[in-house]
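A.B. asks: Take a look at the following structure, please.
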Amino acid sequence: MCAIKGKVVLAPQSVFLRLYTLPPTKNANNKLRPSRANELPLPRNEVRGFHLSGVVTACRASPPPTLPCGAPEPPQKFKVSVSFDRCKITSVTCSCETKDIFWCQHVVALSLYRIRNAESVRLRVPISETLLQMDRQQLQKFVQYLISEHHTEVLPTAQKLADEILQQRSEINQIPGAPDPTAGASADDDHSWHLDEEQVCEQVKSYLSQGTYYNANKQLNSLFSKVREMLRAQDSNGARMLTLITEQFLSDPRLQLWKNQGTPMTDKCRQLWDQLGSLWVCIVLNPNCTQHEKQQWKTLLEKWTRIDVCPPEDPDFRYQQPGHPSQRDSYVSRDRDRYYNDRDRERDRYADRERERRERRERDRDRGRPVFDSSSSSEEEDGESNSSYSHRNSKRLRLSGGHSKSYASVLPRTVFHRALDAVVNMSWDNMHLKNILSSDTYCSHVPDNSSSGSFNSQGQPLWHEPIALCAARVDSLRSHGHMEAALRLAVSVVRTMKQQQLNAQRQWHESQQSASTSSKPQPVKPCTSRCSGQCSTFCSTTSINAPANTDGWVGHPLDPIGCLFDTLADASIIPEDQRPRTPSYLDLVNMEDQHGNIRPRYHHVPVVGSRDRSETYLTLAFEVALIGLGQQRIMPVGLYAQEKSCKQEDRLIAKLQEIELDNSLVAVLRRQAIILLEGGPTSGLGIGIHPESVPMHTFARFLFLSLLNYYPDLAYEVGLRAMRLPLLEEHEDSDDPMGGNSSSPLMMSRSPRWFTLGHIETQQCTLSSTMLSAAKGEVMRLRTVLESSQRHIHSSSHLFKLAQDAFRFATPESGPRHPTLLNVAFELGLQVMRMTLASLNWRRREMVRWLVTCATEVGVEALISIMQNWYQFFTATEATGPVATTIMSHNTIMRLNLSFSQQEDLSSCARTLALQCATKDPPNCALNALTLCENEPLAFETAYQIVVDAASHIMTSSQLFTIARYMEHRGYPPRAYKLAMLAMKNVHLAYNQDTHPAINDIHWACALSHSLGKSELTNMIPLLVKNVQCATVLSDILRRCSMTAPGISCSHPPPLDTSKHHTHPHRGRSCTPGLKTLSYDRPPLRQLLEAAVAAYINTTHSRLTHISPRHYGDFIDFLTKARDTFILAQDGHTQFTQLIENMKVAYKGKKKLMFLVRERFG
C-alpha cells in the first residue's frame, strides 16, 4: 500500500514544484523548465515508502575541466533525498549545501525524473517492513554492516543507542516500537510543502540590511509575489512565509532609529510595508479558512500591533520624544490634529447622521439583510466620506481607511490594523453574499427601486459595503484562486457603485430645486455648471459647507479601484494574448520590466446572466475606473499620502489608455462624463464641492482627449469644469465668505500641506494647453479656454509655460499659422507681465523678451499697444531697455516690413514711452531715453533736460559720466561738458584712493574741458581741486593739460551731420593757429599745481605714519613722482628739499628708510 502511494506521490503535483524552484512570475501558466533537468543522469534512485533518494550527477562543462595529470575531471555527484506525505514534498536534503529559499537544481532534477520516469524508479516498502522480515542473525549482520560502512559517521550514535537499550528503565525501552522515516507521518500530523524557514529569515534580513538599494527592493518584491503565487495555488506555506517575512520586517533596526530620531520612513520602505499590510488583509479574508486559523491570525496580529516600533497605519503620523510639552499619549500627528480641530463643527453636524446609520445597520442585521446596507447612496457616501467621525465601536469603517480620533488617542493604528479589523469583523456568512459568489444567475424577479435594497431595478444583485472592504474581498478571492467568485462579486460591486452614483445625482438635483424655490432672488452671474443660462449664488462651484470625503478610493492603501479594474479587465483579455500589462500600485511586478510591456488586447465578454446586452466585463472595468477617478475626495494629509494618490491616479489612467475605444466604451465615457458633471458635491467634477477637494486636472485631460473626436461640446465642458483649483480661488468663487478667502485661518493653515501643489498646477497647465491646442481653429472656444485659464491658473510660471505652448501651437515650423491662437498667447503673456510686475520672479527677464517676440509675431498693433500701456506690464527700466530698444531695432523693422507711416507711429510711441520712463526713473532710464529720442530734436532736448534736473538729487556721478560720454560720442560736447561738471560735484577722492573707478571718468572730464577751451578748463579745475585729494591723479591731469594748448583736441571729430540741432562753434578752434600751451605759473594750472604739491605733502606724511619695511620700495618710487611734480613750480626744488629734511628729523627712528631716502635724494 505504501509502494502504491509512493508511486503517485508527485505526478499530479508537478505544478507545485514551480512554486519552490522558480522566481515568481505573473503568468501562472509558465511551465517548469530547469535548464539541465533532462541532462542530469540518475544512476541510482529508489522510492522507499514515503522517501525518495538518489544520486544526481552534475553535467559536464564544455570543455570539461582537467586534473593536474591531464585526465578529465570526473563529474561531481550529489546525494539527494526527498520525503513526501499526502502528495506533498515535506522535506528535502542535498549534499551540495546550497543556501537559498528555493530548492536547488539537484532536488528539482530528482523530482522531475521521478515524475517523468515513474516506472523506472524502483519502489520499496518502508524500512520497518523490511526489518520485520529478518531474523536475529540477519538483523545483527545488518546493523554491523551498516556501522562498518559508515563507522566514522554513525558509530557514536550507534554506541549511545546501544547503551540506552541495554538499560532496562531507559526512555527508549518505555516507548513501544521505533521511528521509521520512510513510513510517513500519521494522519493527524501537519503536512505541508517543504519551506526552509531559516533561509527565508536570513535572506529577508539580508535584504533589509542593504537599505533602499535597488536590488534589495527587487528581491523583497519578488518574495511578496511568491506569497501571492502560493496563495493562488492554495498552498498553506503562503501564510507561513509571510509570517516569517513580517517578523524580520519588525526586527529591522532602522525602525527604532527612525522612531528615536522622529524622522519619517523612506518612501521605498513604506511601500514595502503597505504591500505587507495588504497581503495580510488578503490572507485573513480567505473564505476557506477555519475559525481556528482566524483565531491564530488574530493573536499574531494583536501581538504585532503592540510592538512599539510597528509602523503606523498613517505614514504621516510622527512619534514624539518623551517629555515634550505638547506630547499627547506619546503619539501625535504632524498636521492632522490641527486639521481636525478646524473641522470640529463639521464632525458635530455629521455625528447624528452617523449614529442613525449605525442603528439602521443593526436593525438590518437582525432581519438577515447585508450588514453594510445603507438607506441611500448619499448616506453611504457620507458614511465613507466621514468615517473619521465614527465612534470606536464602528470598526468596520476603519478597514476602509477612516481614523477614529478617540481610538487614535488611546492606541495608534498600525499597518496591521486593517487586517485585524478584517479578521475580527468580516465574514462570508451572509446568505446574500454567498448567493452572489456561487451563481451567475442569482437575481430577483421583483423590481426593487429603493436606494438600499439588495437588488437594483433590473433584479441584479447588489452588495452594499464600503468600497475598500468590497475590493479587499475581491482581492482575497483572486489571491486564493477563486477567480469566478471574485468576478461575480466585482460585477455586483460596480453595479452598486453605479446605483449610488445615480442616487447621489438625483438627490443633488432635488436639493437644487428646493433651494432655488425657497431662496430669495439673488443677483445672477454666469455659471460654469450645466445650468441653462444664469444661475444664482447657491450654484457655486465650491462650498466650504459641502460634505468632505476624507477617505478617497484613489490613493487608498488597498487600491480598491485598481483591484476592481484588474479583476474585470483580466476577464476581457483575449485568451491568446498573455502579455503583461501595466501593473497596479500594489502589483508586485518589477518596475524595470515595464518598459518592455506589450500593450494588451481586450475584447468584450458579456457578463454572464446579465439582461443588458451592452454590459460587458470591459465596460464595467472602464466604468469603475471612471467612477473612482471622478470621486470627490479631500486632499490627504501628508507628503507620502499625496504622492501615493498621484501615482495611483496616473497608473489607473495609463491602464485606461491601453484600451482601444469603441462605440460601447465611448457611450460609457459620455454617460459618466454627464453624471460627473451633474453629480453635485459627491463628484469631483460636480458643483458645490469642498474647496479642499483633490483637483481633477489629470483625469479631465484623459476625458477631454477621449471625448474630443466624438462629443466635442461635452469634452470642453469637462475640461473647463476641471480647470478650477478651489483652494487658491478668490473670495467671489465660493458661496461661503470664508471658503475662498485666502487669508482665512483654514486656508492659511491648509495651504502649506498641499505638498504636491506644484504637480497639481503643472497638470492644470497641461490640461489648459491641451484644450488650447484642440481649439486653435475655433474662436469662441479659444476665448472660453483663455478666460478659464486666466481665472484659475494662479502661478505666473505655469501661465508663462501655457503662453509658450500656445505660441508654439500657433506658429508651427511647417503649416499655416493660427492668428487667433497667437493672440491668445499674447494675452496670456500680458497676464504674466501683470502678475510678475510687483512680485519677484527669476524668469522675469526671459518673460519680457518672449512677450516682445510674441508681440512682434502678432503685428505692429500689438507692439504699439504694449508701448502705450507699458506701465501696466513693465518697469521703467524694462520698457526703455529690452522692450522699446528691441522694438525699434533694425531687425524688427525689417521682419515686419513696415511702411514709413508705421515706422513713424512706432517711433512716436517709443519716444513718448522714453520720456515717461525717464521722468519716472531718470537714473536707470535716461540713457535709453536719449537713445530713443536722438532723431527728434524736441524730444531729445526734453530728455536731456530731465537728466539735468535729476542730476543734483537722484543720479550718481557714474550715471552722469556715462550719459556725458554718450553726449560727446553723439557730437554734443557742450552738453557733455555740462553733465561732466554736474558729475564732478558728486565725486570725492581721498589721498589713498588711487585705484578709484571714477579716475578714468575724471581724466575724461578734464580732457573734455581742455579740448573745449581755457574758460571751460578754468571752471573745471576748482571742482577738481575741491573734490580730489589724490596726488597722483592731480599730477597726471596737470601734465596732460600742459602738453597741448586749450581748445586743441584730435579726439573729438566734427559731427557728420552739422544740421543736427545746432552747430558747435568750439569745434573751429581746433584748427585755430597761434594758440599757446598753458603755463604752470598762471591760472588755471597754477591752482592745480599747488593742489598737487599739497596733496603730495599730505600723502607723504600719511603714508609714513603706518609704513612697513616691505613698502619702503613703493614709498621711494612715490617720492620720485612727487619730486617730478615739485620741480614744476618755481620754488619746487626748495619745497621738496624741505620735505626731505623734515622727514629725516621727524622719522629718524626709521633708519633703513632714511638711508634709502638719503641714497636717492641726498
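Numbering starts fresh at 1 for the residues of each chain in the C-alpha cells, the chains themselves are lettered A, B, ... in the order given, and ligands are numbered from 1 as they appear.
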With a distance cut-off of 9 Å and only C-alpha atoms, select the neighbouring residues of Lys978 in chain A, excluding the residue or stretch itself and same-chain residues fewer than 4 positions from it, and output the selection as JSON, numbers by chain.
C.D. replies: {"A": [948, 964, 973, 974, 982, 983]}
A.B. asks: Would you mind exporting the chosen residues as an mmCIF file, in the first residue's frame, restricted to all heavy atoms?
C.D. replies:
```cif
data_model
loop_
_atom_site.group_PDB
_atom_site.id
_atom_site.type_symbol
_atom_site.label_atom_id
_atom_site.label_comp_id
_atom_site.auth_asym_id
_atom_site.auth_seq_id
_atom_site.Cartn_x
_atom_site.Cartn_y
_atom_site.Cartn_z
ATOM 1 N N VAL A 948 19.317 116.723 -16.618
ATOM 2 C CA VAL A 948 19.918 117.849 -15.911
ATOM 3 C C VAL A 948 19.159 118.141 -14.614
ATOM 4 O O VAL A 948 19.753 118.398 -13.557
ATOM 5 C CB VAL A 948 19.943 119.089 -16.825
ATOM 6 C CG1 VAL A 948 20.412 120.319 -16.048
ATOM 7 C CG2 VAL A 948 20.861 118.846 -18.020
ATOM 8 N N ALA A 964 27.172 111.666 -20.110
ATOM 9 C CA ALA A 964 28.028 112.693 -20.701
ATOM 10 C C ALA A 964 28.902 112.122 -21.820
ATOM 11 O O ALA A 964 29.087 112.753 -22.872
ATOM 12 C CB ALA A 964 28.899 113.315 -19.608
ATOM 13 N N PRO A 973 29.453 118.165 -27.420
ATOM 14 C CA PRO A 973 30.409 118.412 -26.318
ATOM 15 C C PRO A 973 29.923 119.409 -25.290
ATOM 16 O O PRO A 973 30.184 119.214 -24.081
ATOM 17 C CB PRO A 973 31.650 118.913 -27.051
ATOM 18 C CG PRO A 973 31.540 118.336 -28.414
ATOM 19 C CD PRO A 973 30.081 118.348 -28.746
ATOM 20 N N PRO A 974 29.251 120.517 -25.659
ATOM 21 C CA PRO A 974 28.813 121.428 -24.582
ATOM 22 C C PRO A 974 27.881 120.760 -23.584
ATOM 23 O O PRO A 974 27.979 120.976 -22.370
ATOM 24 C CB PRO A 974 28.113 122.548 -25.351
ATOM 25 C CG PRO A 974 28.725 122.526 -26.702
ATOM 26 C CD PRO A 974 28.983 121.079 -26.993
ATOM 27 N N LEU A 982 28.352 118.543 -13.626
ATOM 28 C CA LEU A 982 27.417 118.071 -12.603
ATOM 29 C C LEU A 982 27.912 116.786 -11.943
ATOM 30 O O LEU A 982 27.724 116.588 -10.736
ATOM 31 C CB LEU A 982 26.037 117.836 -13.238
ATOM 32 C CG LEU A 982 25.320 119.092 -13.746
ATOM 33 C CD1 LEU A 982 24.060 118.692 -14.525
ATOM 34 C CD2 LEU A 982 24.953 120.020 -12.590
ATOM 35 N N ALA A 983 28.530 115.938 -12.743
ATOM 36 C CA ALA A 983 29.061 114.697 -12.182
ATOM 37 C C ALA A 983 30.232 114.957 -11.255
ATOM 38 O O ALA A 983 30.385 114.288 -10.224
ATOM 39 C CB ALA A 983 29.465 113.757 -13.315
#
```
A.B. asks: Which residues, written as a list in words, have at least one atom at most 6 Å from Gln256 in chain A, with only C-alpha atoms counted and residues fewer than 3 positions away on the same chain left out?
C.D. replies: Pro253, Lys259 and Val309 of chain A
A.B. asks: Those residues with C-alpha atoms, as a compact mmCIF listing (two decimals), in the first residue's frame please?
C.D. replies:
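Saved result, part-v4.txt, follows:
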```txt
# COMPACT_ATOMS: atom_id res chain seq x y z
CA PRO A 253 16.87 48.03 13.45
CA LYS A 259 11.34 56.38 15.97
CA VAL A 309 8.21 50.16 16.62
```
